[in-house]
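Text of final_17.tsv, listed as TSV, C-alpha atoms and all ligand atoms:
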chain	number	residue	atom	x	y	z
A	237	MET	CA	119.73	88.81	75.94
A	238	ALA	CA	119.51	91.75	78.36
A	239	GLY	CA	116.94	94.27	77.23
A	240	GLU	CA	115.14	91.89	74.86
A	241	PRO	CA	111.38	91.33	75.29
A	242	GLN	CA	110.53	88.40	77.56
A	243	ALA	CA	107.63	86.20	76.46
A	244	ASP	CA	106.37	85.68	80.01
A	245	CYS	CA	106.65	89.32	81.14
A	246	LEU	CA	103.42	91.25	81.78
A	247	PHE	CA	105.00	94.66	81.21
A	248	CYS	CA	106.69	93.57	77.95
A	249	LYS	CA	103.14	92.62	76.85
A	250	ILE	CA	101.90	96.10	77.78
A	251	VAL	CA	104.76	97.60	75.71
A	252	SER	CA	103.80	95.42	72.71
A	253	GLY	CA	100.07	96.12	73.15
A	254	ASP	CA	99.22	92.45	73.81
A	255	VAL	CA	97.89	93.45	77.26
A	256	PRO	CA	95.80	96.64	77.44
A	257	ALA	CA	96.67	99.50	79.77
A	258	THR	CA	95.47	103.03	80.42
A	259	VAL	CA	98.46	104.82	78.93
A	260	VAL	CA	98.98	108.42	80.04
A	261	ARG	CA	102.32	109.14	78.35
A	262	GLU	CA	104.61	107.41	75.85
A	263	THR	CA	108.07	108.25	74.50
A	264	ASP	CA	110.48	106.38	72.21
A	265	THR	CA	111.91	104.60	75.26
A	266	THR	CA	109.17	104.61	77.94
A	267	VAL	CA	105.47	103.99	78.62
A	268	ALA	CA	103.51	105.44	81.57
A	269	PHE	CA	100.16	103.86	82.51
A	270	ARG	CA	97.74	103.79	85.44
A	271	ASP	CA	98.29	101.09	88.06
A	272	ILE	CA	95.44	98.57	87.96
A	273	ASN	CA	95.29	98.55	91.80
A	274	PRO	CA	95.95	102.17	92.76
A	275	GLN	CA	97.37	102.89	96.22
A	276	ALA	CA	96.83	106.67	95.98
A	277	PRO	CA	94.57	109.04	94.00
A	278	THR	CA	97.37	109.25	91.44
A	279	HIS	CA	99.25	105.99	90.92
A	280	VAL	CA	101.04	105.70	87.59
A	281	LEU	CA	103.76	103.25	86.57
A	282	VAL	CA	106.58	104.40	84.30
A	283	ILE	CA	108.44	101.58	82.54
A	284	PRO	CA	111.26	101.36	80.02
A	285	LYS	CA	110.28	99.66	76.78
A	286	VAL	CA	113.35	97.44	77.14
A	287	HIS	CA	113.22	94.58	79.62
A	288	HIS	CA	115.42	94.69	82.71
A	289	PRO	CA	114.39	93.05	85.97
A	290	ASP	CA	114.55	96.11	88.22
A	291	GLY	CA	115.50	99.76	88.32
A	292	ALA	CA	119.09	99.27	89.43
A	293	SER	CA	119.71	96.67	86.71
A	294	LEU	CA	118.28	99.08	84.16
A	295	ALA	CA	120.53	101.90	85.40
A	296	ALA	CA	123.61	99.66	85.26
A	297	ALA	CA	122.87	98.39	81.74
A	298	GLU	CA	121.27	101.42	80.05
A	299	PRO	CA	121.75	104.55	82.16
A	300	ALA	CA	120.29	106.92	79.58
A	301	ILE	CA	117.02	104.99	79.60
A	302	ALA	CA	116.97	104.95	83.41
A	303	ALA	CA	117.23	108.74	83.20
A	304	ASP	CA	114.34	108.75	80.72
A	305	VAL	CA	112.19	106.82	83.23
A	306	LEU	CA	112.97	109.30	86.01
A	307	ARG	CA	112.33	112.30	83.80
A	308	GLU	CA	109.01	110.83	82.65
A	309	ALA	CA	108.05	110.21	86.29
A	310	GLY	CA	108.48	113.94	86.84
A	311	GLU	CA	106.44	114.73	83.73
A	312	VAL	CA	103.63	112.47	84.94
A	313	ALA	CA	103.65	114.27	88.30
A	314	ARG	CA	103.43	117.62	86.53
A	315	GLU	CA	100.58	116.49	84.24
A	316	GLU	CA	98.68	114.93	87.15
A	317	LYS	CA	99.18	118.15	89.16
A	318	ILE	CA	100.75	116.39	92.14
A	319	ASP	CA	104.09	118.15	91.79
A	320	ALA	CA	103.10	121.11	93.98
A	321	THR	CA	101.74	118.99	96.86
A	322	GLY	CA	104.48	116.37	96.69
A	323	TYR	CA	104.75	112.87	95.34
A	324	ARG	CA	106.86	109.75	95.67
A	325	ILE	CA	108.80	107.78	93.05
A	326	VAL	CA	109.26	104.16	94.22
A	327	PHE	CA	111.24	101.28	92.73
A	328	ASN	CA	110.32	98.18	94.74
A	329	THR	CA	113.32	95.90	94.28
A	330	GLY	CA	113.09	92.22	95.21
A	331	SER	CA	110.14	90.20	96.45
A	332	GLY	CA	110.96	91.10	100.08
A	333	ALA	CA	110.28	94.73	99.17
A	334	GLY	CA	107.01	93.93	97.45
A	335	GLN	CA	108.21	93.65	93.85
A	336	THR	CA	105.81	91.41	91.93
A	337	VAL	CA	106.57	92.30	88.31
A	338	PHE	CA	110.22	91.80	87.38
A	339	HIS	CA	110.36	94.40	84.60
A	340	ALA	CA	111.79	97.70	85.88
A	341	HIS	CA	109.10	100.21	86.84
A	342	ALA	CA	108.80	103.43	88.78
A	343	HIS	CA	105.64	103.94	90.81
A	344	VAL	CA	104.55	107.60	90.84
A	345	LEU	CA	102.27	108.14	93.85
A	346	GLY	CA	100.55	111.29	95.03
A	347	GLY	CA	97.31	113.12	95.64
A	348	ARG	CA	97.21	112.29	99.35
A	349	GLY	CA	99.52	112.65	102.33
A	350	LEU	CA	102.33	110.07	102.17
A	351	GLN	CA	103.73	108.54	105.35
A	352	TRP	CA	107.45	108.50	106.07
A	353	PRO	CA	109.01	106.04	106.60
A	354	PRO	CA	107.00	103.87	104.20
A	355	GLY	CA	105.81	100.47	105.38
A	401	LIG	P1	105.51	95.92	92.13
A	401	LIG	O1	104.68	95.23	93.19
A	401	LIG	O2	106.39	97.02	92.62
A	401	LIG	O3	106.25	94.90	91.28
A	401	LIG	O4	104.47	96.68	91.19
A	401	LIG	C1	103.70	96.03	90.23
A	401	LIG	C2	102.47	96.86	90.06
A	401	LIG	O5	101.87	96.49	88.83
A	401	LIG	C3	101.43	96.68	91.15
A	401	LIG	O6	101.19	97.94	91.79
A	401	LIG	C4	100.20	96.18	90.39
A	401	LIG	O7	98.98	96.71	90.88
A	401	LIG	C5	100.48	96.65	88.98
A	401	LIG	N1	99.86	95.89	87.91
A	401	LIG	C6	99.78	94.55	87.81
A	401	LIG	N2	99.16	94.21	86.67
A	401	LIG	C7	98.85	95.37	86.03
A	401	LIG	C8	98.19	95.69	84.81
A	401	LIG	N3	97.73	94.74	83.97
A	401	LIG	N4	98.02	96.99	84.48
A	401	LIG	C9	98.46	97.97	85.31
A	401	LIG	N5	99.11	97.73	86.47
A	401	LIG	C10	99.29	96.44	86.83
A	402	ZN	ZN	109.53	92.81	80.46

Rewrite the coordinates I just gave you, this time as structure tokens.
Ligand code: AMP
Ligand code: ZN
Amino acid sequence: MAGEPQADCLFCKIVSGDVPATVVRETDTTVAFRDINPQAPTHVLVIPKVHHPDGASLAAAEPAIAADVLREAGEVAREEKIDATGYRIVFNTGSGAGQTVFHAHAHVLGGRGLQWPPG
């Protein structure tokens, strides 16, 4: 069922604690943890605790939780002190866009200059 934990999902396992992560923030509905392969000095992933395959699917099914993810992305940026210099919130969606984990997640990237347009 939509939103239920998926046995084969890496990020559901991080939510349950079965896979360790460096957690920087947690709320009733979200977890934020450091990306294992950082692409910038600050690279944190914010995920909903519920399973949906991507950000748009999450927003369609549970808009309040999608808002929680975005708000937490902003809180991470503030705590990491990248809000003043600028940061990027990215939802890679689909394998052609580089999505490799099909549990909705926002990348929060900052701490260096960020190119536009992205590659
Ligand atoms: P995406 O390619 O947009 O699906 O993003 C998935 C991200 O998850 C990548 O940036 C990976 O480096 C990251 N990642 C994969 N496994 C882990 C893990 N065990 N802990 C933290 N981040 C991870
Ligand atoms: Zn999942």

Practice task
With all atoms listed in the file counted, collect every polymer residue having an atom within 9 Å of ligand LIG 401 (chain A); state the result as a count of residues only.
Solution key: 35

Please report as JSON lines every residue of chain A lying within 8 Å of ligand ZN 402 (chain A), along with the nearest atom pair and their distance in Å (one decimal), using all atoms listed in the file.
{"residue": "A:Glu240", "atom": "CA", "partner": "A:ZN402", "partner_atom": "ZN", "distance": 8.0}
{"residue": "A:Pro241", "atom": "CA", "partner": "A:ZN402", "partner_atom": "ZN", "distance": 5.7}
{"residue": "A:Gln242", "atom": "CA", "partner": "A:ZN402", "partner_atom": "ZN", "distance": 5.4}
{"residue": "A:Ala243", "atom": "CA", "partner": "A:ZN402", "partner_atom": "ZN", "distance": 8.0}
{"residue": "A:Asp244", "atom": "CA", "partner": "A:ZN402", "partner_atom": "ZN", "distance": 7.8}
{"residue": "A:Cys245", "atom": "CA", "partner": "A:ZN402", "partner_atom": "ZN", "distance": 4.6}
{"residue": "A:Leu246", "atom": "CA", "partner": "A:ZN402", "partner_atom": "ZN", "distance": 6.4}
{"residue": "A:Phe247", "atom": "CA", "partner": "A:ZN402", "partner_atom": "ZN", "distance": 5.0}
{"residue": "A:Cys248", "atom": "CA", "partner": "A:ZN402", "partner_atom": "ZN", "distance": 3.9}
{"residue": "A:Lys249", "atom": "CA", "partner": "A:ZN402", "partner_atom": "ZN", "distance": 7.3}
{"residue": "A:Lys285", "atom": "CA", "partner": "A:ZN402", "partner_atom": "ZN", "distance": 7.8}
{"residue": "A:Val286", "atom": "CA", "partner": "A:ZN402", "partner_atom": "ZN", "distance": 6.9}
{"residue": "A:His287", "atom": "CA", "partner": "A:ZN402", "partner_atom": "ZN", "distance": 4.2}
{"residue": "A:His288", "atom": "CA", "partner": "A:ZN402", "partner_atom": "ZN", "distance": 6.6}
{"residue": "A:Pro289", "atom": "CA", "partner": "A:ZN402", "partner_atom": "ZN", "distance": 7.4}
{"residue": "A:Phe338", "atom": "CA", "partner": "A:ZN402", "partner_atom": "ZN", "distance": 7.0}
{"residue": "A:His339", "atom": "CA", "partner": "A:ZN402", "partner_atom": "ZN", "distance": 4.5}
{"residue": "A:Ala340", "atom": "CA", "partner": "A:ZN402", "partner_atom": "ZN", "distance": 7.6}

Problem - Nearest-residue call for A:Trp352, choices A:Tyr323, A:Ala238, A:Val251, A:Ala296, using only C-alpha atoms - result: A:Tyr323

Handout entry: For atom CA of A:Arg261 and atom CA of A:Gly347, the interatomic separation in Å (one decimal)
Key = 18.4 Å

Problem - Selection: 9 Å around A:Glu316, all atoms listed in the file, excl. self and same-chain fewer than 4 positions, as a ChimeraX atom specification - result: /A:278,311-312,346-347

Problem - Residue neighbourhood A:Thr265, 9 Å, all atoms listed in the file, exclusion window fewer than 6 positions, as number ranges by chain - result: A: 283-286, 301, 304-305

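The spacing separating atom CA of A:Ala276 from atom CA of A:Arg348 amounts to 6.6 Å.
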
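The nearest approach to A:Thr321 among the residues A:Val344, A:Gly349, A:Ala309, A:Ala295, with all atoms listed in the file taken into account, belongs to A:Gly349.
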
Can you report as JSON the centre and edge lengths in Å, to one decimal, of an axis-aligned box around the listed atoms of stretch 332-346 of chain A padded with 3 Å on each side?
{"center_x": 106.2, "center_y": 101.2, "center_z": 92.3, "size_x": 17.2, "size_y": 26.2, "size_z": 21.5}

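In this comparison, which uses all atoms listed in the file, the residue of A:Glu308, A:Ala297, A:Ala303, A:Arg324 approaching A:Glu262 most closely is A:Glu308.
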
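We find atom CA of A:Leu350 and atom CA of A:Arg314 to be spaced 17.4 Å apart.
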